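K.L.:
Attaching a single structure in structure tokens format; questions to follow.
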Amino acid sequence: LNAADVERCLVNLRAHVAPQHEFYATFAPGASTAAGRSHARGSFYYSPDELAAIGERNGWQCNYIGDWGHPRKQVMMQFIAE
């Protein structure tokens, strides 16, 4: 997903969950490539700080989990509804 679609997802989900709801997302770490059109076969890269900033401005506490053994080296972020 591009950055606008990530933000849309977090905004919409936050509107429908109770405080303390947990959401986990994997992402490809790297220099930001958050622009462009979202596509199932597209690759988008985010820094943990960039993804956390998107979450935090939309009502989520963000915790970078990092490596969790993903076969394509994706990392994980935890989002907790505030």
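Ordered as shown in the structure tokens, chains take letters A, B, and onward, while each chain numbers its residues from 1 and ligands are numbered from 1 in the order shown.
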Which neighbours of A:His70 fall inside 12 Å, counting only C-alpha atoms, when residues of the same chain fewer than 6 positions from it are skipped, and could you give them as a ChimeraX atom specification?
P.N.:
/A:25-28,76
K.L.:
Just asking: which residues within chain A are helix (DSSP H, G or I) according to DSSP, as a list in words?
P.N.:
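The helix (DSSP H, G or I) residues within chain A come out as Ala3, Ala4, Asp5, Val6, Glu7, Arg8, Cys9, Leu10, Val11, Asn12, Leu13, Arg14, Pro48, Asp49, Glu50, Leu51, Ala52, Ala53, Ile54, Gly55 and Glu56 of chain A.
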K.L.:
Could you give me the residues within chain A that DSSP places in strand (DSSP E), as number ranges by chain?
P.N.:
A: 22-29, 45-46, 60-67, 75-81
K.L.:
Under the rule that only C-alpha atoms are counted, which of A:Val17, A:Ala3, A:Ala81, A:Ile54 is the nearest residue to A:Ser32?
P.N.:
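The answer is A:Ala3, which sits nearest to A:Ser32.
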K.L.:
In Å, rounded to a single decimal, give me how far atom CA of A:Pro71 is from atom CA of A:Leu1.
P.N.:
19.3 Å
K.L.:
Excluding A:Arg57 and its own-chain neighbours fewer than 2 positions away, which residues fall within 12 Å of it when counting only C-alpha atoms? Please give them as a list in words.
P.N.:
Glu7, Arg8, Leu10, Val11, Arg14, Glu50, Leu51, Ala52, Ala53, Ile54, Gly55, Gly59, Trp60, Gln61, Cys62, Phe79, Ala81 and Glu82 of chain A
